[in-house]
Structures are given as structure tokens and as C-alpha cells.
2 protein chains.
Amino acid sequence: MRVVVVGLGVIGGSFAMALKECGYEDVYGIDVDRETLIKAKNLQLIKDGFVDGKEILKTADLVVISIYPKLVKQFIISNIDNFKDGAIITDATGIKKMFIQDIIDVLPENIDFIFGHPMAGREKKGIDFATNDVFKGANYILTPIKRNKEENLKLIESLAYKIGFKRVKRITPEYHDEMIGFTSQLPHALAVALINSDIEGRDTGSFIGDSYRDLTRIANINENLWSELFLGNKENLLKCIESFEIELDKLKDAIRDEDKESLKKLFIKSTKRREKL
Amino acid sequence: MRVVVVGLGVIGGSFAMALKECGYEDVYGIDVDRETLIKAKNLQLIKDGFVDGKEILKTADLVVISIYPKLVKQFIISNIDNFKDGAIITDATGIKKMFIQDIIDVLPENIDFIFGHPMAGREKKGIDFATNDVFKGANYILTPIKRNKEENLKLIESLAYKIGFKRVKRITPEYHDEMIGFTSQLPHALAVALINSDIEGRDTGSFIGDSYRDLTRIANINENLWSELFLGNKENLLKCIESFEIELDKLKDAIRDEDKESLKKLFIKSTKRREKL
């Protein structure tokens with residue numbers, strides 16, 4: 001099976017690395033950045049690299065696309081005549097419903113796009129931060145569409161387990177976006193708001209423990225990617241923020257009213273939920 | 001120097017362990033739980049254990065108190081005649097202003113209480129989770145009061161470095177509470193509200209990545225301790241929550257208005273701040 005990874009950033013690069021680790025050798029890369037291609041080749045993550053799909057896509061059985069969501073459609077359109085008949089495409093995009101609708105419009109009949117979301121990432125960008133470790137033990141979500149072939153879904157599933165994912169789930173794009181709004185986008189919003197609410201110029205670093213460090217790690221955020229993800233899941237994310245605010249208000253009220261019992265109940269609830277995770 | 005650790009929970013136990021590791025042998029423990037004392041003795045963290053201070057406090061040069069904030073005053077009162085003349089007391093309490101005022105009222109003249117806050121902890125309670133590792137590289141804050149002797153402040157400072165802390169800072173109790181409201185209490189409030197805002201019964205565990213895991217770790221919270229800490233720092237914490245809400249609203253507005261540029265600006269700001277940490 002010949003694999004072409006499109007976009008050798010932190011996710012694409014990690015994919016290539018993980019594929020190599022479990023024995024896939026026929027792996028090629030496409031990236032607009034020549035330096036990235038050279039690095040990937042030097043690291044032996046890819047056999048060869050290309051700045052576009054003209055040549056290599058024609059021989060690709062599996063295309064793993066890991067570029068910014070908005071660029072995926074453009075990539076499909078530009079390469080509409082380059083895909084091999086029966087090729088499988090998969091992606092790593094963190095939003096699904098709007099994204100899938102957008103892609104399906106332009107997708108040729110003879111290509112099977114298995115939409116997926118490997119729930120792994122790093123705060124850093126670029127191939128220098130690629131590592132197959134990032135997938136170990138992580139969750140992978142597939143959001144099948146009607147036209148997907150079962151054998152192709154199974155192929156991506158088995159590949160996911162091979163490269164280290166612990167759990168692969170199939171759900172609807174709608175449910176994906178609802179859940180991801182809560183488990184991924186809301187935490188990012190909170191981390192950003194937390195660190196941005198600090199008073200400028202204080203020596204905050206002298207007063208932090210693990211909690212502040214952990215909660216702000218993801219405030220180091222790729223603004224181009226995450227502004228797309230947030231806006232591509234607007235309604236779900238707004239709903240999650242509102243539910244969060246209701247819970248924060250409960251804490252605020254209990255503190256303001258010096259209502260120790262209510263505070264304790266909220267803490268007991270959160271502890272139980274965290275222990276169940 | 002004879003040290004008595006009062007309260008062999010996760011912090012007191014870790015203190016005893018760290019003291020042992022750097023060569024202190026004359027260490028004793030006080031705890032209301034006999035089983036804890038037996039464990040501490042078996043682990044050779046203490047030479048001997050006592051359920052009260054009647055006997056051992058009389059010989060203690062340094063008393064490290066790590067029990068719930070509200071219990072500290074009661075401990076001082078109960079042992080008012082047991083402390084050695086010139087003894088040093090220090091604590092591990094996460095709030096300072098109200099707490100110190102409360103203690104000073106009952107503190108005998110011949111005892112020097114060096115108020116401190118080792119900024120380290122674990123979600124778990126009890127001696128079974130004690131580990132000197134928790135102090136390695138962490139911040140330690142001292143909030144001196146007028147009557148503290150410089151030599152005693154220096155002693156605690158040097159002890160903090162010996163047991164692994166990276167930085168020891170002296171600040172006012174007021175500034176401590178302001179900063180801790182932001183760097184410690186606010187993150188705990190956010191973690192609790194985040195996990196409590198989940199919809200009951202969903203299979204959230206299948207959709208989490210590192211971000212949700214990191215942001216909810218401290219939602220596993222000791223309700224007795226943290227309700228005291230929150231209420232003991234009410235005004236500062238409420239102010240921090242309000243500042244946070246203003247920042248979260250900025251994100252919310254940008255999402256609702258599909259204002260990508262504003263979103264990006266907020267992300268760039270948070271990234272810069274996080275990188276500076």
C-alpha cells in the first residue's frame with residue numbers, strides 16, 4: 001500500500017513517523033515547504049517529497065491529509081484529476097459537519113474519503129515537533145458517511161490501532177462536533193481566557209504551581225488553525241461556553257454567599273466525575 | 001534541630017520524606033490518625049509518632065504544621081503551654097491574610113510563626129500519596145510578619161531550598177492571596193465548572209485528548225480543604241473569576257460575530273503570554 005501524507009506538520013509528520021515505526025515503507029510526502037520535505041526525507045519518514053500532487057498522487061492508495069481545514073477542499077479541487085481510481089483519502093480535521101458537507105460537493109465518485117479525527121496534537125507547529133509518541137494511547141474518531149465502503153473504514157481503523165491509538169470510535173459528524181466542542185474546544189477557550197485575564201506585568205511565574213501550568217498549556221495555540229476550528233463549530237462551542245458559565249456561576253454564588261455546603265457539593269460532584277474518567 | 005511535623009497527610013508526609021532525604025534524622029510526627037503514624041514510622045519518615053502535642057512539642061525546635069487551615073488555630077490554643085521557648089512554627093496554608101490575623105491573636109510572644117506556602121500538592125489525600133518529588137522545582141512563598149526574626153526566616157528559606165524548592169519568595173500576605181487567587185484558586189474553580197458542565201451520561205471518555213485531561217485533573221479536589229481556601233480568600237477569588245469572565249466573553253463575542261481577526265488576536269496574546277511563562 002502506497003501512502004502519501006499531505007502536510008508534513010506536527011500531525012502529518014507524526015503520522016509518517018508512526019507509519020514508519022510499524023513497518024510501512026512506501027510512504028511519500030507532499031508539502032508546500034521544501035525545507036520540510038528535505039527534513040522529512042533526511043529523517044527517513046518519507047521516500048520522497050513533492051510540493052504538489054501532480055505526480056505522486058496518481059500512485060497513492062491512501063492519502064492522509066493533514067493541512068488546515070480550509071485548504072483541504074482546495075487541495076481536492078486542484079488534484080481532482082490526479083487521484084488514483086479507488087483511492088482512499090482520510091484527514092485529521094478537528095471539526096466535521098460543515099467540513100464534510102463542503103468536501104463532499106467536490107469529491108469524485110471513485111474516491112472514498114474516510115473522515116477522521118485523531119485526537120492527538122501538540123502546541124508546537126511543524127515537522128520538528130512531530131513524534132509518533134503523540135498517538136500512543138489516544139482516541140481516534142471516524143465519522144463515516146453513507147458512501148464509505150466498509151472495507152475502507154476497517155482499513156483506517158486497523159491502521160489507527162497499528163500506529164498506537166487505543167480506541168477508535170465511529171460516530172456521526174454531528175455528535176463528533178458536539179462532543180469535541182466540549183472536550184477540546186471549550187478547554188482551549190478556557191485556557192486562553194485564563195491566561196489573558198492575568199494582569200499585565202505581574203511576576204506571575206513566581207506564583208504558579210502545576211495547576212496553572214496545566215491549565216494554560218494549551219493557551220499556546222495556533223491562531224490560524226484554531227480560529228477555523230472555533231468558527232467551524234460555532235453553535236456547539238457557544239452552547240458549551242454557556243453551560244460552563246452556568247456552572248461557574250454556581251461556584252461564584254456559593255463563594256459570594258459563603259455557602260460552604262453548596263461549594264462542597266460542587267467539589268464532590270467534580271471529584272466523582274474526574275475519578276470516573 | 002528537632003523537627004515535629006503536625007499532620008502527616010500528603011503535604012506533611014512529603015515534608016517528612018524530603019527532610020529525611022536531605023539528612024534530617026531528628027524528625028517526629030503528630031497526627032490524629034494512629035494508622036498514619038504507624039505508616040510514617042514504618043517508612044522511617046519519623047522517629048516516633050504522637051496523637052497530640054503534649055509530650056513531643058516541648059522538645060521541638062521547628063514545628064511544621066500541615067493540617068486544615070481552620071484546625072491550625074485550635075492546635076495552637078490546645079498546645080499553648082507545650083511549645084518550647086523560642087520554637088519556630090511554619091505552615092503550608094494556601095491562604096494567608098485572614099489566616100494570619102486569626103493565628104496572631106492566640107500566638108504566645110516567645111514563638112516565631114513563619115507563615116509559608118509551599119506551592120506543591122497532589123489531588124490525592126493522605127500519607128500513602130506523600131512524595132518528596134512533589135517539591136522538586138516548585139515555588140515556595142513566605143509571608144513574613146513584623147515580629148518574625150530574620151534568622152528564622154532565613155532558616156526556613158534555606159530548608160526550602162534543601163528539600164528541593166526552586167524559588168523562595170517573600171511577599172506580603174495580601175499580595176500572596178491576590179496572586180494565589182489567580183494562579184491556584186481560579187484554575188481549580190475552572191476545572192470544577194468545566195467537568196460539572198458535562199451532560200450526564202455521555203461517553204465523554206471516548207472523546208478526550210490531553211487538553212480535557214489536563215484541564216480537569218484538579219477537579220479531583222479535597223472538598224473540605226478547598227471550601228475553606230475559597231471562602232478564606234473570597235474577595236480576591238471573586239475578582240479573578242470576574243476578570244476571567246470578561247476574557248471569556250471576548251472569545252464568545254468573536255465566535256458569535258464570526259470575527260476571525262479578533263479571535264486570532266486573542267490567541268496570539270495567549271500564546272505570547274504562555275511562552276513567556
# chains A, B, ... in the order shown; residues from 1 in each chain; ligands from 1
>>> interface_residues(of="chain A", to="chain B", cutoff="6 Å", atoms="only C-alpha atoms", output="list in words")
Met119, Thr183, Val192, Ala193, Leu194, Asn196, Ser197, Gly205, Ile208, Gly209, Tyr212, Asp214, Leu215, Ala219, Asn220, Ile221, Glu223, Ser243, Phe244, Glu247, Leu248, Lys264, Phe267, Ser270, Thr271, Arg274 and Leu277 of chain A
>>> write_last_selection(atoms="N, CA and C atoms", output="CSV table (one decimal), in the first residue's frame")
chain,number,residue,atom,x,y,z
A,119,MET,N,-7.4,12.2,17.9
A,119,MET,CA,-7.4,13.2,19.0
A,119,MET,C,-6.1,13.3,19.7
A,183,THR,N,-15.1,18.7,24.8
A,183,THR,CA,-13.8,18.1,25.3
A,183,THR,C,-12.6,18.8,24.8
A,192,VAL,N,-7.2,30.0,27.1
A,192,VAL,CA,-6.9,31.3,26.5
A,192,VAL,C,-7.4,32.4,27.4
A,193,ALA,N,-8.7,32.3,27.8
A,193,ALA,CA,-9.3,33.3,28.7
A,193,ALA,C,-8.6,33.4,30.0
A,194,LEU,N,-8.2,32.3,30.6
A,194,LEU,CA,-7.5,32.3,31.9
A,194,LEU,C,-6.2,33.1,31.8
A,196,ASN,N,-5.2,35.2,29.5
A,196,ASN,CA,-5.4,36.6,29.1
A,196,ASN,C,-6.0,37.4,30.2
A,197,SER,N,-6.6,36.8,31.2
A,197,SER,CA,-7.2,37.5,32.3
A,197,SER,C,-6.2,37.9,33.4
A,205,GLY,N,4.9,34.2,37.2
A,205,GLY,CA,5.7,32.9,37.2
A,205,GLY,C,6.2,32.5,38.5
A,208,ILE,N,3.2,30.2,40.4
A,208,ILE,CA,2.4,29.2,39.8
A,208,ILE,C,2.8,27.8,40.3
A,209,GLY,N,1.9,26.9,40.4
A,209,GLY,CA,2.1,25.5,40.7
A,209,GLY,C,1.7,24.8,39.4
A,212,TYR,N,-1.8,25.9,37.4
A,212,TYR,CA,-1.8,27.0,36.4
A,212,TYR,C,-1.1,26.5,35.2
A,214,ASP,N,-0.7,23.5,34.0
A,214,ASP,CA,-1.5,22.5,33.2
A,214,ASP,C,-2.7,23.2,32.5
A,215,LEU,N,-3.3,24.1,33.2
A,215,LEU,CA,-4.5,24.7,32.6
A,215,LEU,C,-4.2,25.8,31.5
A,219,ALA,N,-3.0,27.2,26.0
A,219,ALA,CA,-3.2,28.6,25.6
A,219,ALA,C,-2.1,29.0,24.6
A,220,ASN,N,-1.1,28.2,24.5
A,220,ASN,CA,-0.2,28.3,23.4
A,220,ASN,C,-0.8,27.6,22.2
A,221,ILE,N,-1.4,28.5,21.3
A,221,ILE,CA,-2.4,27.9,20.4
A,221,ILE,C,-2.1,28.5,19.0
A,223,GLU,N,-3.1,30.1,16.0
A,223,GLU,CA,-4.2,31.0,15.8
A,223,GLU,C,-4.9,30.8,14.5
A,243,SER,N,-23.0,26.6,29.0
A,243,SER,CA,-23.2,25.6,30.0
A,243,SER,C,-22.1,25.7,31.1
A,244,PHE,N,-20.9,26.0,30.6
A,244,PHE,CA,-19.8,26.2,31.5
A,244,PHE,C,-20.1,27.4,32.4
A,247,GLU,N,-22.3,26.7,35.3
A,247,GLU,CA,-21.6,26.0,36.4
A,247,GLU,C,-20.6,27.0,37.2
A,248,LEU,N,-20.0,27.8,36.4
A,248,LEU,CA,-19.1,28.8,37.1
A,248,LEU,C,-19.9,29.7,38.0
A,264,LYS,N,-19.0,22.6,48.7
A,264,LYS,CA,-18.5,21.2,48.9
A,264,LYS,C,-19.3,20.2,48.0
A,267,PHE,N,-17.8,20.4,44.6
A,267,PHE,CA,-16.5,19.8,44.6
A,267,PHE,C,-16.6,18.2,44.6
A,270,SER,N,-17.6,17.2,41.1
A,270,SER,CA,-16.5,17.2,40.2
A,270,SER,C,-15.5,16.1,40.4
A,271,THR,N,-15.2,15.8,41.7
A,271,THR,CA,-14.3,14.8,42.1
A,271,THR,C,-14.8,13.4,41.6
A,274,ARG,N,-14.4,13.2,37.8
A,274,ARG,CA,-13.0,13.1,37.4
A,274,ARG,C,-12.5,11.7,37.7
A,277,LEU,N,-13.4,9.3,35.0
A,277,LEU,CA,-12.8,9.4,33.6
A,277,LEU,C,-11.8,8.3,33.3
>>> select_by_dssp(residues="segment 66-170 of chain A", states="helix (DSSP H, G or I)", output="ChimeraX atom specification")
/A:69-78,97-104,127-129,132-135,150-162
>>> select_by_dssp(residues="segment 87-249 of chain A", states="strand (DSSP E or B)", output="PyMOL selection string")
chain A and resi 88-91+112-114+116-119+139-142+167-170
>>> residues_around(residues="segment 60-64 of chain A", least_positions_apart="2", cutoff="6 Å", atoms="only C-alpha atoms", output="PyMOL selection string")
chain A and resi 1-6+57-58+87-91
>>> residues_around(residues="segment 148-151 of chain A", least_positions_apart="6", cutoff="9 Å", atoms="only C-alpha atoms", output="PDB file with N, CA, C and O atoms, in the first residue's frame")
ATOM      1  N   ASP A 112     -12.839   7.327  -2.069  1.00  0.00           N
ATOM      2  CA  ASP A 112     -13.541   7.129  -0.801  1.00  0.00           C
ATOM      3  C   ASP A 112     -12.858   7.950   0.297  1.00  0.00           C
ATOM      4  O   ASP A 112     -11.748   7.641   0.725  1.00  0.00           O
ATOM      5  N   PHE A 113     -13.537   8.997   0.737  1.00  0.00           N
ATOM      6  CA  PHE A 113     -12.974   9.849   1.794  1.00  0.00           C
ATOM      7  C   PHE A 113     -13.498   9.358   3.139  1.00  0.00           C
ATOM      8  O   PHE A 113     -14.687   9.461   3.426  1.00  0.00           O
ATOM      9  N   ILE A 114     -12.600   8.803   3.940  1.00  0.00           N
ATOM     10  CA  ILE A 114     -12.943   8.353   5.296  1.00  0.00           C
ATOM     11  C   ILE A 114     -12.583   9.499   6.240  1.00  0.00           C
ATOM     12  O   ILE A 114     -11.408   9.740   6.520  1.00  0.00           O
TER      13      ILE A 114
END
>>> residues_around(residues="Asp102 of chain B", least_positions_apart="3", cutoff="12 Å", atoms="only C-alpha atoms", output="MDAnalysis selection string")
chainID B and resid 69:74 76:77 95:99 105:107 232
>>> residues_around(residues="Ala40 of chain B", least_positions_apart="3", cutoff="8 Å", atoms="only C-alpha atoms", output="PDB file with N, CA and C atoms, in the first residue's frame")
ATOM      1  N   LEU B   8       0.305  14.361  59.082  1.00  0.00           N
ATOM      2  CA  LEU B   8       1.119  13.599  58.130  1.00  0.00           C
ATOM      3  C   LEU B   8       0.271  13.208  56.907  1.00  0.00           C
ATOM      4  N   GLY B  13       3.466  14.520  55.074  1.00  0.00           N
ATOM      5  CA  GLY B  13       4.217  13.294  54.786  1.00  0.00           C
ATOM      6  C   GLY B  13       5.343  13.556  53.797  1.00  0.00           C
ATOM      7  N   THR B  36      -1.866   6.288  60.379  1.00  0.00           N
ATOM      8  CA  THR B  36      -0.946   7.163  59.655  1.00  0.00           C
ATOM      9  C   THR B  36       0.403   7.227  60.360  1.00  0.00           C
ATOM     10  N   LEU B  37       0.362   7.322  61.685  1.00  0.00           N
ATOM     11  CA  LEU B  37       1.612   7.385  62.455  1.00  0.00           C
ATOM     12  C   LEU B  37       2.416   6.091  62.290  1.00  0.00           C
ATOM     13  N   LEU B  43       7.801   3.649  57.409  1.00  0.00           N
ATOM     14  CA  LEU B  43       8.529   4.199  56.260  1.00  0.00           C
ATOM     15  C   LEU B  43       9.790   4.952  56.698  1.00  0.00           C
ATOM     16  N   GLN B  44      10.010   4.967  58.005  1.00  0.00           N
ATOM     17  CA  GLN B  44      11.149   5.683  58.613  1.00  0.00           C
ATOM     18  C   GLN B  44      11.160   7.186  58.284  1.00  0.00           C
ATOM     19  N   LEU B  45       9.958   7.719  58.122  1.00  0.00           N
ATOM     20  CA  LEU B  45       9.853   9.169  57.897  1.00  0.00           C
ATOM     21  C   LEU B  45       9.957   9.907  59.225  1.00  0.00           C
ATOM     22  N   ILE B  46       9.528   9.237  60.288  1.00  0.00           N
ATOM     23  CA  ILE B  46       9.585   9.845  61.625  1.00  0.00           C
ATOM     24  C   ILE B  46      10.211   8.845  62.597  1.00  0.00           C
ATOM     25  N   GLY B  49       5.786   8.680  66.591  1.00  0.00           N
ATOM     26  CA  GLY B  49       4.570   9.428  66.314  1.00  0.00           C
ATOM     27  C   GLY B  49       3.714   9.626  67.558  1.00  0.00           C
ATOM     28  N   ILE B 127      -1.107  10.051  53.663  1.00  0.00           N
ATOM     29  CA  ILE B 127       0.312   9.730  53.660  1.00  0.00           C
ATOM     30  C   ILE B 127       0.697   8.753  52.539  1.00  0.00           C
TER      31      ILE B 127
END
>>> atom_distance(atom1="atom CA of Gly29 of chain B", atom2="atom CA of Pro144 of chain B")
25.2 Å
